[in-house]
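A.B. asks: Mind looking over this structure? Questions follow.
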Amino acid sequence: MKMKKPLAENAMLISILASVISIVIGLLVGFILLLILNPAKAGTGIGAMLGTGFSSLDQFGKVLYQAAPLMMCGLSVGFAFKTGLFNIGASGQYTMGAFFALIGAIMFQLPCGVCLLLACLGGAIWGLFPGLFKALFNVNEVITSIMFNWIGMFLVNLCLANMPLMLASAWGASNSDRTAALATANPGAIIPKAGLDKLFGNSSWINISVFIAIGVAILMWFILQKTTFGYELKACGMNKEAARYAGISANRNIVSSMVIAGALSGLGGGLYYLAGTIQYVLEKSILSMGFDGIPVALLANSNPVGTIFSSLFISYIKVGGSAMQPNFSSETINIVIAVIIYLAAFALLVRGVIVKILKGKKERGVK
Amino acid sequence: MNVLANIISLTIIFAVPLLLVALGGMYSEHSGIINLALEGIMVIGALCGCFMLRMFDQNGFGPAYPQLAMFLAILVAAAAGVGFSLLLAFAAINLKADQTIGGTALNIFAPAFAVVVTWAVQGQGQTTIQIPSWIRITQESLGMEPSNGFFATLFFKYQYLTTPICIVLFIIAWLLMYKTKFGLRLRACGEHPQAADSVGINVYKMRYAGVMISGFLAGIGGMAYVIAVGSGFSSSVGGYGFLALAVMIFGNWKPFTILGASIIFALFKVVAAYNSSIPFLPKLEGLKDKSSLYQMLPYIVTMIVLVFTSKKSRAPKAEGIPYDKGTR
């Protein structure tokens with residue numbers, strides 16, 4: 001999202017208010033849809049959407065576990081937004097990150113930390129392509145990213161199908177449509193739980209990944225706000241020509257921004273699949289996690305610290321969404337998310353209204 | 001010989017949705033609006049069209065008058081596409097919202113909405129709307145003797161009403177864009193809206209027209225995609241909307257180059273989908289999951305082609321920029 005000048009001195013508050021209003025309207029639309037589809041069960045449906053995440057420690061552990069990759073994809077999309085790029089390819093980068101991490105874990109029996117670095121590398125490579133294509137050949141990064149989402153998915157499928165050692169069937173299980181379970185293949189690559197599982201009532205989901213993600217979010221905030229490199233990136237995003245005039249190489253910034261964005265998504269893939277609870281299944285459609293990074297980034301107005309909260313929210317209603325079945329499809333959540341982004345699209349307008357209301361109150365106060 | 005007829009025929013039927021949707025994107029972008037929502041519009045068009053077919057199939061109207069029913073379903077798909085595209089137009093034109101983000105929102109909305117509605121209508125877990133078999137144009141349905149030759153395969157094995165409609169629409173789209181006052185004005189709005197406004201053209205109206213035409217074409221395109229794939233509609237159009245965007249860029253925003261581009265991509269899609277039954281392709285012994293390799297091809301070819309054409313390609317100058325009367 002393009003950040004215009006702060007509309008009032010409390011721009012932060014206005015951004016948060018705008019996001020909250022979008023969320024409330026999104027949930028309302030979702031509820032109305034449920035009412036139309038099945039009036040009798042609509043109450044339980046929305047209750048499941050909003051209540052499941054806090055219903056038990058196990059479910060809350062799941063919220064935190066899913067928030068980590070969402071946060072990384074959100075950071076990825078947001079980081080690219082800051083440079084004026086739309087990284088719709090987070091999904092492909094995420095898939096590549098997961099693939100690299102799993103190769104490190106299963107084929108080379110590496111420890112968890114190294115596998116996560118490999119995940120960053122895989123994502124960074126997949127982010128490099130849109131960056132290079134944009135900088136060298138002037139190909140729109142949206143098209144390149146979308147194409148590389150598909151290429152990445154098919155490439156990972158092709159590679160896994162031809163690497164028998166990677167599949168579950170090589171490690172004593174019967175199915176060959178997914179990668180080996182880390183518990184049997186390499187327990188050393190599983191992200192440590194650090195005692196959190198005891199704290200969360202033996203939840204199988206929770207591990208330290210969410211804290212890793214929060215750490216990265218704060219690091220990204222630091223880079224964007226406190227370093228020259230971050231300043232140059234933002235300058236390119238706000239006005240490419242002005243940045244060029246000031247001696248900032250736009251092409252170099254486009255490439256480095258996409259590489260970093262790719263590494264962030266890739267790390268997300270690593271965090272998700274190295275938890276040991278989920279195996280990578282050979283997919284026929286693009287993984288949705290990367291696309292979910294887009295609403296996370298938009299809700300947070302691309303602010304890395306805001307991303308922490310928006311990813312927790314999206315993860316929370318996603319966990320609720322799976323509890324809505326079988327009465328309603330869990331896709332209802334995506335409708336809510338779509339409405340929220342649609343509203344975020346004219347965030348400037350929403351913000352304008354909020355500023356008007358706030359100013360109106362102030363003037364009345366003066367009188 | 002029949003293999004060749006098969007390939008040509010399949011290529012045509014896969015090129016139809018790409019061509020329609022890419023032409024839709026062309027209209028929208030020439031008016032100055034980037035229509036990233038093409039994928040979502042296709043889904044909504046296909047959803048409504050398929051429900052119409054399902055209804056006609058159940059009440060007996062379809063089997064009695066197959067092509068009329070098909071035509072009505074296509075009209076419904078087009079209307080649904082226009083309706084859904086208005087959401088993008090409203091956000092992008094009236095509210096001056098970021099067009100990419102608005103389009104993304106609609107792309108997330110459409111498949112989710114399709115799944116939820118399909119569930120609601122067909123019952124839990126029934127995520128695929130079946131396509132009735134009577135919609136195909138066969139020799140029997142035209143009162144001809146069934147035969148099995150080259151031309152019979154070419155024209156009657158895989159063809160549906162969407163193909164002739166696509167040809168007609170292509171000609172109309174080209175005429176409208178380059179031979180009428182409306183087309184000239186539309187293009188002016190995408191190049192320099194301030195100048196267009198200064199000679200009395202209503203930029204907002206023209207942009208609405210551009211987006212609505214793209215919705216019309218993409219809605220039909222969605223329907224054409226579902227028919228081409230042939231296994232029923234399960235709330236997805238397989239990334240064709242995005243592929244159509246790439247085709248449009250490769251086609252340099254011009255109808256005839258878009259036609260060529262969509263045929264090339266359709267050919268690669270057909271090779272990808274039917275690689276095992278095409279005799280002259282390399283067999284690649286020892287490689288598992290060959291289909292993944294072939295399925296990558298259309299996307300890799302797209303990228304290579306874009307690398308060579310993007311330097312020269314010229315997008316409408318004002319696309320993506322909301323028009324504000326105050327900037328005149």
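In the structure tokens, each chain is lettered A, B, ... as it comes, each chain's residues begin at 1, and ligands are numbered from 1 in order of appearance.
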Can you pull out the residues contacting A:Ala189? Cut-off 7 Å, using only C-alpha atoms, and skip same-chain residues under 3 positions away; I want them as a list in words.
C.D. replies: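 Contacts, in chain order: Ala105, Leu110, Pro111, Cys112, Asn186 and Leu274 of chain A.
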A.B. asks: Could you please take those selected residues and save all heavy atoms as a PDB file, in the first residue's frame?
C.D. replies:
```
ATOM      1  N   ALA A 105      16.945 -31.297   5.829  1.00  0.00           N
ATOM      2  CA  ALA A 105      16.583 -32.108   6.988  1.00  0.00           C
ATOM      3  C   ALA A 105      16.634 -33.589   6.666  1.00  0.00           C
ATOM      4  O   ALA A 105      17.167 -34.376   7.448  1.00  0.00           O
ATOM      5  CB  ALA A 105      15.196 -31.713   7.478  1.00  0.00           C
ATOM      6  N   LEU A 110      20.720 -32.471   8.340  1.00  0.00           N
ATOM      7  CA  LEU A 110      21.296 -31.298   8.987  1.00  0.00           C
ATOM      8  C   LEU A 110      20.455 -30.897  10.198  1.00  0.00           C
ATOM      9  O   LEU A 110      19.275 -31.243  10.278  1.00  0.00           O
ATOM     10  CB  LEU A 110      21.350 -30.129   7.992  1.00  0.00           C
ATOM     11  CG  LEU A 110      22.259 -30.363   6.793  1.00  0.00           C
ATOM     12  CD1 LEU A 110      22.032 -29.303   5.739  1.00  0.00           C
ATOM     13  CD2 LEU A 110      23.715 -30.387   7.225  1.00  0.00           C
ATOM     14  N   PRO A 111      21.053 -30.158  11.134  1.00  0.00           N
ATOM     15  CA  PRO A 111      20.266 -29.682  12.284  1.00  0.00           C
ATOM     16  C   PRO A 111      19.309 -28.568  11.880  1.00  0.00           C
ATOM     17  O   PRO A 111      19.442 -27.965  10.809  1.00  0.00           O
ATOM     18  CB  PRO A 111      21.335 -29.174  13.249  1.00  0.00           C
ATOM     19  CG  PRO A 111      22.489 -28.829  12.385  1.00  0.00           C
ATOM     20  CD  PRO A 111      22.476 -29.798  11.251  1.00  0.00           C
ATOM     21  N   CYS A 112      18.375 -28.289  12.772  1.00  0.00           N
ATOM     22  CA  CYS A 112      17.274 -27.365  12.505  1.00  0.00           C
ATOM     23  C   CYS A 112      17.722 -25.982  12.038  1.00  0.00           C
ATOM     24  O   CYS A 112      17.216 -25.454  11.052  1.00  0.00           O
ATOM     25  CB  CYS A 112      16.434 -27.301  13.771  1.00  0.00           C
ATOM     26  SG  CYS A 112      15.488 -25.841  13.963  1.00  0.00           S
ATOM     27  N   ASN A 186      14.610 -37.457  10.745  1.00  0.00           N
ATOM     28  CA  ASN A 186      15.673 -36.665  11.367  1.00  0.00           C
ATOM     29  C   ASN A 186      15.086 -35.823  12.498  1.00  0.00           C
ATOM     30  O   ASN A 186      14.773 -34.648  12.303  1.00  0.00           O
ATOM     31  CB  ASN A 186      16.320 -35.765  10.311  1.00  0.00           C
ATOM     32  CG  ASN A 186      17.427 -34.907  10.899  1.00  0.00           C
ATOM     33  OD1 ASN A 186      17.828 -35.103  12.047  1.00  0.00           O
ATOM     34  ND2 ASN A 186      17.914 -33.970  10.116  1.00  0.00           N
ATOM     35  N   LEU A 274       9.107 -27.617   9.277  1.00  0.00           N
ATOM     36  CA  LEU A 274      10.084 -28.227  10.180  1.00  0.00           C
ATOM     37  C   LEU A 274       9.496 -28.423  11.575  1.00  0.00           C
ATOM     38  O   LEU A 274      10.191 -28.837  12.492  1.00  0.00           O
ATOM     39  CB  LEU A 274      11.351 -27.375  10.267  1.00  0.00           C
ATOM     40  CG  LEU A 274      12.239 -27.375   9.024  1.00  0.00           C
ATOM     41  CD1 LEU A 274      13.462 -26.518   9.250  1.00  0.00           C
ATOM     42  CD2 LEU A 274      12.646 -28.786   8.630  1.00  0.00           C
TER      43      LEU A 274
END
```
A.B. asks: So that I can see what lies close to stretch 148-154 of chain B, please list as a list in words the residues with an atom at most 6 Å from it, counting only C-alpha atoms and leaving out residues fewer than 4 positions away in the same chain.
C.D. replies: Asn2, Ala5 and Ser9 of chain B
A.B. asks: Excluding stretch 196-205 of chain B and residues on its chain fewer than 3 positions from it, collect all residues at most 9 Å away from it, counting only C-alpha atoms, and give them as a count of residues only.
C.D. replies: 16
A.B. asks: Find the spatial neighbours of stretch 40-46 of chain A, counting only C-alpha atoms, within a cut-off of 12 Å - ignore same-chain residues fewer than 6 positions away - and output them as a ChimeraX atom specification.
C.D. replies: /A:27-34,52,317,320-330,332-333,336
A.B. asks: Output N, CA and C atoms of each residue in that selection to a file, as a PDB file, in the first residue's frame.
C.D. replies:
```
ATOM      1  N   LEU A  27     -16.203  -9.062   9.078  1.00  0.00           N
ATOM      2  CA  LEU A  27     -16.881 -10.081   9.884  1.00  0.00           C
ATOM      3  C   LEU A  27     -18.399  -9.966   9.721  1.00  0.00           C
ATOM      4  N   LEU A  28     -18.895  -8.725   9.654  1.00  0.00           N
ATOM      5  CA  LEU A  28     -20.344  -8.524   9.477  1.00  0.00           C
ATOM      6  C   LEU A  28     -20.813  -9.137   8.163  1.00  0.00           C
ATOM      7  N   VAL A  29     -20.057  -8.866   7.086  1.00  0.00           N
ATOM      8  CA  VAL A  29     -20.436  -9.435   5.790  1.00  0.00           C
ATOM      9  C   VAL A  29     -20.443 -10.961   5.869  1.00  0.00           C
ATOM     10  N   GLY A  30     -19.414 -11.512   6.532  1.00  0.00           N
ATOM     11  CA  GLY A  30     -19.359 -12.960   6.695  1.00  0.00           C
ATOM     12  C   GLY A  30     -20.588 -13.485   7.425  1.00  0.00           C
ATOM     13  N   PHE A  31     -20.970 -12.783   8.467  1.00  0.00           N
ATOM     14  CA  PHE A  31     -22.123 -13.210   9.257  1.00  0.00           C
ATOM     15  C   PHE A  31     -23.404 -13.151   8.431  1.00  0.00           C
ATOM     16  N   ILE A  32     -23.561 -12.055   7.665  1.00  0.00           N
ATOM     17  CA  ILE A  32     -24.765 -11.923   6.826  1.00  0.00           C
ATOM     18  C   ILE A  32     -24.824 -13.069   5.816  1.00  0.00           C
ATOM     19  N   LEU A  33     -23.651 -13.413   5.254  1.00  0.00           N
ATOM     20  CA  LEU A  33     -23.601 -14.522   4.292  1.00  0.00           C
ATOM     21  C   LEU A  33     -24.053 -15.821   4.954  1.00  0.00           C
ATOM     22  N   LEU A  34     -23.569 -16.069   6.167  1.00  0.00           N
ATOM     23  CA  LEU A  34     -23.968 -17.282   6.888  1.00  0.00           C
ATOM     24  C   LEU A  34     -25.473 -17.270   7.124  1.00  0.00           C
ATOM     25  N   THR A  52     -13.154 -20.413  18.502  1.00  0.00           N
ATOM     26  CA  THR A  52     -12.361 -21.639  18.563  1.00  0.00           C
ATOM     27  C   THR A  52     -10.930 -21.389  19.036  1.00  0.00           C
ATOM     28  N   ILE A 317      -8.667 -16.456  12.994  1.00  0.00           N
ATOM     29  CA  ILE A 317      -9.936 -16.778  12.324  1.00  0.00           C
ATOM     30  C   ILE A 317      -9.789 -17.966  11.384  1.00  0.00           C
ATOM     31  N   GLY A 320     -10.476 -20.818  13.471  1.00  0.00           N
ATOM     32  CA  GLY A 320     -11.924 -20.843  13.657  1.00  0.00           C
ATOM     33  C   GLY A 320     -12.630 -21.386  12.430  1.00  0.00           C
ATOM     34  N   GLY A 321     -12.111 -21.039  11.257  1.00  0.00           N
ATOM     35  CA  GLY A 321     -12.753 -21.461  10.013  1.00  0.00           C
ATOM     36  C   GLY A 321     -12.804 -22.965   9.874  1.00  0.00           C
ATOM     37  N   SER A 322     -11.708 -23.652  10.255  1.00  0.00           N
ATOM     38  CA  SER A 322     -11.756 -25.110  10.099  1.00  0.00           C
ATOM     39  C   SER A 322     -12.743 -25.733  11.077  1.00  0.00           C
ATOM     40  N   ALA A 323     -13.062 -25.009  12.170  1.00  0.00           N
ATOM     41  CA  ALA A 323     -14.043 -25.549  13.118  1.00  0.00           C
ATOM     42  C   ALA A 323     -15.468 -25.319  12.633  1.00  0.00           C
ATOM     43  N   MET A 324     -15.650 -24.505  11.578  1.00  0.00           N
ATOM     44  CA  MET A 324     -17.010 -24.225  11.087  1.00  0.00           C
ATOM     45  C   MET A 324     -17.568 -25.378  10.274  1.00  0.00           C
ATOM     46  N   GLN A 325     -16.688 -26.249   9.801  1.00  0.00           N
ATOM     47  CA  GLN A 325     -17.177 -27.406   9.053  1.00  0.00           C
ATOM     48  C   GLN A 325     -17.818 -28.387  10.038  1.00  0.00           C
ATOM     49  N   PRO A 326     -18.799 -29.208   9.694  1.00  0.00           N
ATOM     50  CA  PRO A 326     -19.310 -29.365   8.338  1.00  0.00           C
ATOM     51  C   PRO A 326     -20.503 -28.456   7.998  1.00  0.00           C
ATOM     52  N   ASN A 327     -20.940 -27.609   8.927  1.00  0.00           N
ATOM     53  CA  ASN A 327     -22.113 -26.785   8.607  1.00  0.00           C
ATOM     54  C   ASN A 327     -21.823 -25.812   7.469  1.00  0.00           C
ATOM     55  N   PHE A 328     -20.637 -25.200   7.523  1.00  0.00           N
ATOM     56  CA  PHE A 328     -20.263 -24.241   6.486  1.00  0.00           C
ATOM     57  C   PHE A 328     -18.884 -24.621   5.971  1.00  0.00           C
ATOM     58  N   SER A 329     -18.600 -24.231   4.737  1.00  0.00           N
ATOM     59  CA  SER A 329     -17.268 -24.461   4.200  1.00  0.00           C
ATOM     60  C   SER A 329     -16.284 -23.537   4.913  1.00  0.00           C
ATOM     61  N   SER A 330     -15.066 -24.030   5.141  1.00  0.00           N
ATOM     62  CA  SER A 330     -14.074 -23.181   5.801  1.00  0.00           C
ATOM     63  C   SER A 330     -13.658 -22.034   4.897  1.00  0.00           C
ATOM     64  N   THR A 332     -15.453 -19.806   3.947  1.00  0.00           N
ATOM     65  CA  THR A 332     -16.122 -18.592   4.412  1.00  0.00           C
ATOM     66  C   THR A 332     -15.111 -17.580   4.931  1.00  0.00           C
ATOM     67  N   ILE A 333     -14.053 -18.106   5.563  1.00  0.00           N
ATOM     68  CA  ILE A 333     -13.014 -17.233   6.105  1.00  0.00           C
ATOM     69  C   ILE A 333     -12.404 -16.381   4.999  1.00  0.00           C
ATOM     70  N   VAL A 336     -14.450 -13.410   4.231  1.00  0.00           N
ATOM     71  CA  VAL A 336     -14.231 -12.350   5.219  1.00  0.00           C
ATOM     72  C   VAL A 336     -12.926 -11.626   4.908  1.00  0.00           C
TER      73      VAL A 336
END
```
A.B. asks: Which residues are near stretch 276-290 of chain A? Cut-off 7 Å, only C-alpha atoms, ignore same chain within fewer than 5 positions. Put them as an MDAnalysis selection string.
C.D. replies: chainID A and resid 70 73 90:91 94 149:150 153 157 177:183 190 205
A.B. asks: Taking N, CA, C and O atoms for each residue, export the selection above as a CSV table (one decimal), in the first residue's frame.
C.D. replies:
```csv
chain,number,residue,atom,x,y,z
A,70,LEU,N,2.5,-17.3,8.5
A,70,LEU,CA,1.7,-16.2,8.0
A,70,LEU,C,2.4,-14.9,8.2
A,70,LEU,O,2.5,-14.0,7.3
A,73,CYS,N,5.2,-14.6,5.6
A,73,CYS,CA,4.7,-14.2,4.3
A,73,CYS,C,4.2,-12.8,4.3
A,73,CYS,O,4.4,-12.0,3.3
A,90,ALA,N,4.8,-14.8,-3.1
A,90,ALA,CA,5.2,-15.3,-1.8
A,90,ALA,C,4.9,-16.8,-1.7
A,90,ALA,O,5.7,-17.5,-1.0
A,91,SER,N,3.9,-17.2,-2.4
A,91,SER,CA,3.5,-18.6,-2.3
A,91,SER,C,4.6,-19.5,-2.9
A,91,SER,O,5.0,-20.5,-2.3
A,94,TYR,N,7.6,-19.5,-0.7
A,94,TYR,CA,7.3,-20.3,0.5
A,94,TYR,C,7.5,-21.7,0.2
A,94,TYR,O,8.1,-22.5,1.0
A,149,ASN,N,5.2,-18.9,-9.2
A,149,ASN,CA,4.4,-19.7,-8.3
A,149,ASN,C,4.2,-21.0,-8.9
A,149,ASN,O,4.4,-22.1,-8.2
A,150,TRP,N,3.7,-21.0,-10.1
A,150,TRP,CA,3.4,-22.3,-10.8
A,150,TRP,C,4.6,-23.1,-11.1
A,150,TRP,O,4.7,-24.3,-10.8
A,153,MET,N,5.9,-24.7,-7.9
A,153,MET,CA,5.1,-25.8,-7.4
A,153,MET,C,5.4,-27.1,-8.3
A,153,MET,O,5.6,-28.2,-7.7
A,157,ASN,N,7.3,-30.6,-7.1
A,157,ASN,CA,6.7,-31.9,-7.3
A,157,ASN,C,7.6,-32.8,-8.1
A,157,ASN,O,7.8,-34.0,-7.8
A,177,ASP,N,3.1,-40.0,-1.5
A,177,ASP,CA,2.7,-38.7,-2.0
A,177,ASP,C,3.1,-37.6,-1.1
A,177,ASP,O,2.7,-36.4,-1.3
A,178,ARG,N,3.9,-37.9,-0.1
A,178,ARG,CA,4.3,-36.8,0.8
A,178,ARG,C,5.7,-37.1,1.3
A,178,ARG,O,6.3,-38.2,1.1
A,179,THR,N,6.4,-36.0,1.9
A,179,THR,CA,7.7,-36.2,2.4
A,179,THR,C,7.7,-37.0,3.7
A,179,THR,O,6.7,-37.1,4.3
A,180,ALA,N,8.9,-37.5,4.0
A,180,ALA,CA,9.0,-38.3,5.2
A,180,ALA,C,8.7,-37.5,6.5
A,180,ALA,O,8.9,-36.3,6.5
A,181,ALA,N,8.1,-38.2,7.4
A,181,ALA,CA,7.9,-37.5,8.7
A,181,ALA,C,9.2,-37.3,9.4
A,181,ALA,O,10.1,-38.2,9.5
A,182,LEU,N,9.4,-36.0,9.9
A,182,LEU,CA,10.7,-35.7,10.5
A,182,LEU,C,11.0,-36.5,11.7
A,182,LEU,O,12.1,-36.7,12.0
A,183,ALA,N,10.0,-36.9,12.4
A,183,ALA,CA,10.2,-37.7,13.7
A,183,ALA,C,11.0,-38.9,13.4
A,183,ALA,O,11.8,-39.4,14.2
A,190,ILE,N,13.7,-31.0,13.8
A,190,ILE,CA,12.5,-30.4,14.3
A,190,ILE,C,12.7,-29.2,15.1
A,190,ILE,O,13.6,-29.2,16.0
A,205,TRP,N,1.1,-28.7,18.5
A,205,TRP,CA,1.4,-27.6,17.5
A,205,TRP,C,2.5,-26.7,17.9
A,205,TRP,O,3.3,-26.3,17.1
```
A.B. asks: Give the strand (DSSP E or B) residues of stretch 73-310 of chain A, as DSSP finds them on the backbone, and put them as a PyMOL selection string.
C.D. replies: chain A and resi 167+178-179+281
A.B. asks: For chain A, work out the contacting residues on chain B at 6 Å, counting only C-alpha atoms, and write them as number ranges by chain.
C.D. replies: B: 97-98, 101-102, 105, 108-109, 112, 116, 288-289, 292, 296, 299, 307, 310
A.B. asks: Can I get the selection written as a short mmCIF file (atom, residue, chain, number, x, y, z; two decimals), in the first residue's frame, with C-alpha atoms?
C.D. replies:
```cif
data_model
loop_
_atom_site.label_atom_id
_atom_site.label_comp_id
_atom_site.auth_asym_id
_atom_site.auth_seq_id
_atom_site.Cartn_x
_atom_site.Cartn_y
_atom_site.Cartn_z
CA ALA B 97 -8.44 2.77 -4.68
CA ASP B 98 -5.26 0.89 -5.46
CA ILE B 101 -5.14 -4.55 -4.24
CA GLY B 102 -8.79 -4.28 -5.23
CA ALA B 105 -9.41 -8.88 -3.01
CA ILE B 108 -9.62 -14.12 -3.11
CA PHE B 109 -13.35 -13.53 -2.86
CA ALA B 112 -14.22 -18.77 -1.77
CA VAL B 116 -19.50 -21.70 -0.29
CA LYS B 288 8.96 -39.99 -12.77
CA ASP B 289 6.07 -37.54 -12.76
CA SER B 292 4.89 -31.91 -13.87
CA MET B 296 5.77 -26.19 -16.22
CA TYR B 299 4.79 -20.81 -17.70
CA VAL B 307 11.90 -11.31 -21.59
CA SER B 310 8.91 -6.54 -22.64
#
```
A.B. asks: Among stretch 41-207 of chain A, which ones does DSSP place in helix (DSSP H, G or I), written as number ranges by chain?
C.D. replies: A: 42-55, 57-82, 90-107, 112-137, 141-161, 164-166, 168-171, 182-185, 187-189, 196-199
A.B. asks: I want to know what sits within 7 Å of stretch 113-119 of chain A, based on only C-alpha atoms, with residues of the same chain fewer than 2 positions away left out; could you give that as a list of chain:residue names?
C.D. replies: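 Near stretch 113-119 of chain A, the qualifying residues are A:Gly97, A:Ala98, A:Phe100, A:Ala101, A:Gly104, A:Ala105, A:Leu110, A:Pro111, A:Leu121, A:Gly122, A:Gly123, A:Gly266, A:Leu267, A:Gly269, A:Gly270.
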A.B. asks: Tell me, as a list in words, which residues lie within 10 Å of B:Val305, counting only C-alpha atoms; anything in the same chain fewer than 3 positions away does not count.
C.D. replies: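 Listed by chain and then number, they are Ala246, Val247, Phe250, Ala261, Tyr299, Ile300, Val301, Thr302, Phe308, Thr309 and Ser310 of chain B.
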A.B. asks: Pull all heavy atoms from the residues just selected and write them as an mmCIF file, in the first residue's frame.
C.D. replies:
```cif
data_model
loop_
_atom_site.group_PDB
_atom_site.id
_atom_site.type_symbol
_atom_site.label_atom_id
_atom_site.label_comp_id
_atom_site.auth_asym_id
_atom_site.auth_seq_id
_atom_site.Cartn_x
_atom_site.Cartn_y
_atom_site.Cartn_z
ATOM 1 N N ALA B 246 -0.795 -12.400 -18.878
ATOM 2 C CA ALA B 246 0.515 -12.540 -19.518
ATOM 3 C C ALA B 246 0.362 -12.546 -21.033
ATOM 4 O O ALA B 246 1.153 -11.927 -21.750
ATOM 5 C CB ALA B 246 1.198 -13.824 -19.041
ATOM 6 N N VAL B 247 -0.675 -13.235 -21.526
ATOM 7 C CA VAL B 247 -0.938 -13.270 -22.964
ATOM 8 C C VAL B 247 -1.186 -11.857 -23.477
ATOM 9 O O VAL B 247 -0.678 -11.460 -24.528
ATOM 10 C CB VAL B 247 -2.150 -14.174 -23.252
ATOM 11 C CG1 VAL B 247 -2.694 -13.912 -24.650
ATOM 12 C CG2 VAL B 247 -1.766 -15.629 -23.111
ATOM 13 N N PHE B 250 2.142 -10.041 -23.592
ATOM 14 C CA PHE B 250 2.895 -10.596 -24.709
ATOM 15 C C PHE B 250 2.285 -10.115 -26.026
ATOM 16 O O PHE B 250 2.995 -9.807 -26.981
ATOM 17 C CB PHE B 250 2.875 -12.128 -24.566
ATOM 18 C CG PHE B 250 3.387 -12.879 -25.761
ATOM 19 C CD1 PHE B 250 4.355 -12.353 -26.589
ATOM 20 C CD2 PHE B 250 2.902 -14.144 -26.035
ATOM 21 C CE1 PHE B 250 4.826 -13.069 -27.669
ATOM 22 C CE2 PHE B 250 3.363 -14.858 -27.118
ATOM 23 C CZ PHE B 250 4.320 -14.315 -27.937
ATOM 24 N N ALA B 261 -0.711 -14.959 -29.603
ATOM 25 C CA ALA B 261 -0.153 -15.380 -28.320
ATOM 26 C C ALA B 261 -1.022 -16.445 -27.668
ATOM 27 O O ALA B 261 -0.517 -17.437 -27.137
ATOM 28 C CB ALA B 261 -0.025 -14.164 -27.399
ATOM 29 N N TYR B 299 4.370 -21.934 -18.536
ATOM 30 C CA TYR B 299 4.793 -20.810 -17.701
ATOM 31 C C TYR B 299 6.220 -20.400 -18.039
ATOM 32 O O TYR B 299 6.536 -19.208 -18.089
ATOM 33 C CB TYR B 299 4.661 -21.198 -16.229
ATOM 34 C CG TYR B 299 3.263 -21.644 -15.896
ATOM 35 C CD1 TYR B 299 2.936 -22.988 -15.803
ATOM 36 C CD2 TYR B 299 2.249 -20.706 -15.729
ATOM 37 C CE1 TYR B 299 1.642 -23.401 -15.531
ATOM 38 C CE2 TYR B 299 0.957 -21.106 -15.462
ATOM 39 C CZ TYR B 299 0.652 -22.448 -15.367
ATOM 40 O OH TYR B 299 -0.623 -22.841 -15.113
ATOM 41 N N ILE B 300 7.088 -21.394 -18.279
ATOM 42 C CA ILE B 300 8.479 -21.067 -18.630
ATOM 43 C C ILE B 300 8.518 -20.357 -19.981
ATOM 44 O O ILE B 300 9.205 -19.343 -20.147
ATOM 45 C CB ILE B 300 9.337 -22.350 -18.653
ATOM 46 C CG1 ILE B 300 9.424 -22.925 -17.234
ATOM 47 C CG2 ILE B 300 10.723 -22.064 -19.193
ATOM 48 C CD1 ILE B 300 10.162 -24.229 -17.135
ATOM 49 N N VAL B 301 7.720 -20.867 -20.936
ATOM 50 C CA VAL B 301 7.687 -20.225 -22.252
ATOM 51 C C VAL B 301 7.190 -18.790 -22.120
ATOM 52 O O VAL B 301 7.742 -17.860 -22.728
ATOM 53 C CB VAL B 301 6.802 -21.032 -23.217
ATOM 54 C CG1 VAL B 301 6.593 -20.270 -24.519
ATOM 55 C CG2 VAL B 301 7.426 -22.381 -23.496
ATOM 56 N N THR B 302 6.145 -18.589 -21.289
ATOM 57 C CA THR B 302 5.642 -17.230 -21.060
ATOM 58 C C THR B 302 6.773 -16.322 -20.612
ATOM 59 O O THR B 302 6.945 -15.213 -21.130
ATOM 60 C CB THR B 302 4.566 -17.232 -19.955
ATOM 61 O OG1 THR B 302 3.646 -18.262 -20.209
ATOM 62 C CG2 THR B 302 3.852 -15.906 -19.905
ATOM 63 N N PHE B 308 11.851 -11.313 -24.011
ATOM 64 C CA PHE B 308 12.216 -10.760 -25.315
ATOM 65 C C PHE B 308 11.274 -9.665 -25.788
ATOM 66 O O PHE B 308 11.636 -8.866 -26.632
ATOM 67 C CB PHE B 308 12.290 -11.879 -26.361
ATOM 68 C CG PHE B 308 13.491 -12.740 -26.179
ATOM 69 C CD1 PHE B 308 13.378 -14.041 -25.733
ATOM 70 C CD2 PHE B 308 14.767 -12.220 -26.409
ATOM 71 C CE1 PHE B 308 14.505 -14.822 -25.534
ATOM 72 C CE2 PHE B 308 15.892 -12.997 -26.212
ATOM 73 C CZ PHE B 308 15.758 -14.304 -25.766
ATOM 74 N N THR B 309 10.057 -9.636 -25.277
ATOM 75 C CA THR B 309 9.113 -8.651 -25.795
ATOM 76 C C THR B 309 8.930 -7.449 -24.875
ATOM 77 O O THR B 309 8.480 -6.408 -25.312
ATOM 78 C CB THR B 309 7.735 -9.288 -26.040
ATOM 79 O OG1 THR B 309 7.313 -9.922 -24.834
ATOM 80 C CG2 THR B 309 7.770 -10.284 -27.165
ATOM 81 N N SER B 310 9.278 -7.586 -23.588
ATOM 82 C CA SER B 310 8.908 -6.540 -22.640
ATOM 83 C C SER B 310 9.627 -5.220 -22.880
ATOM 84 O O SER B 310 9.079 -4.164 -22.608
ATOM 85 C CB SER B 310 9.150 -6.997 -21.210
ATOM 86 O OG SER B 310 8.009 -7.641 -20.732
#
```
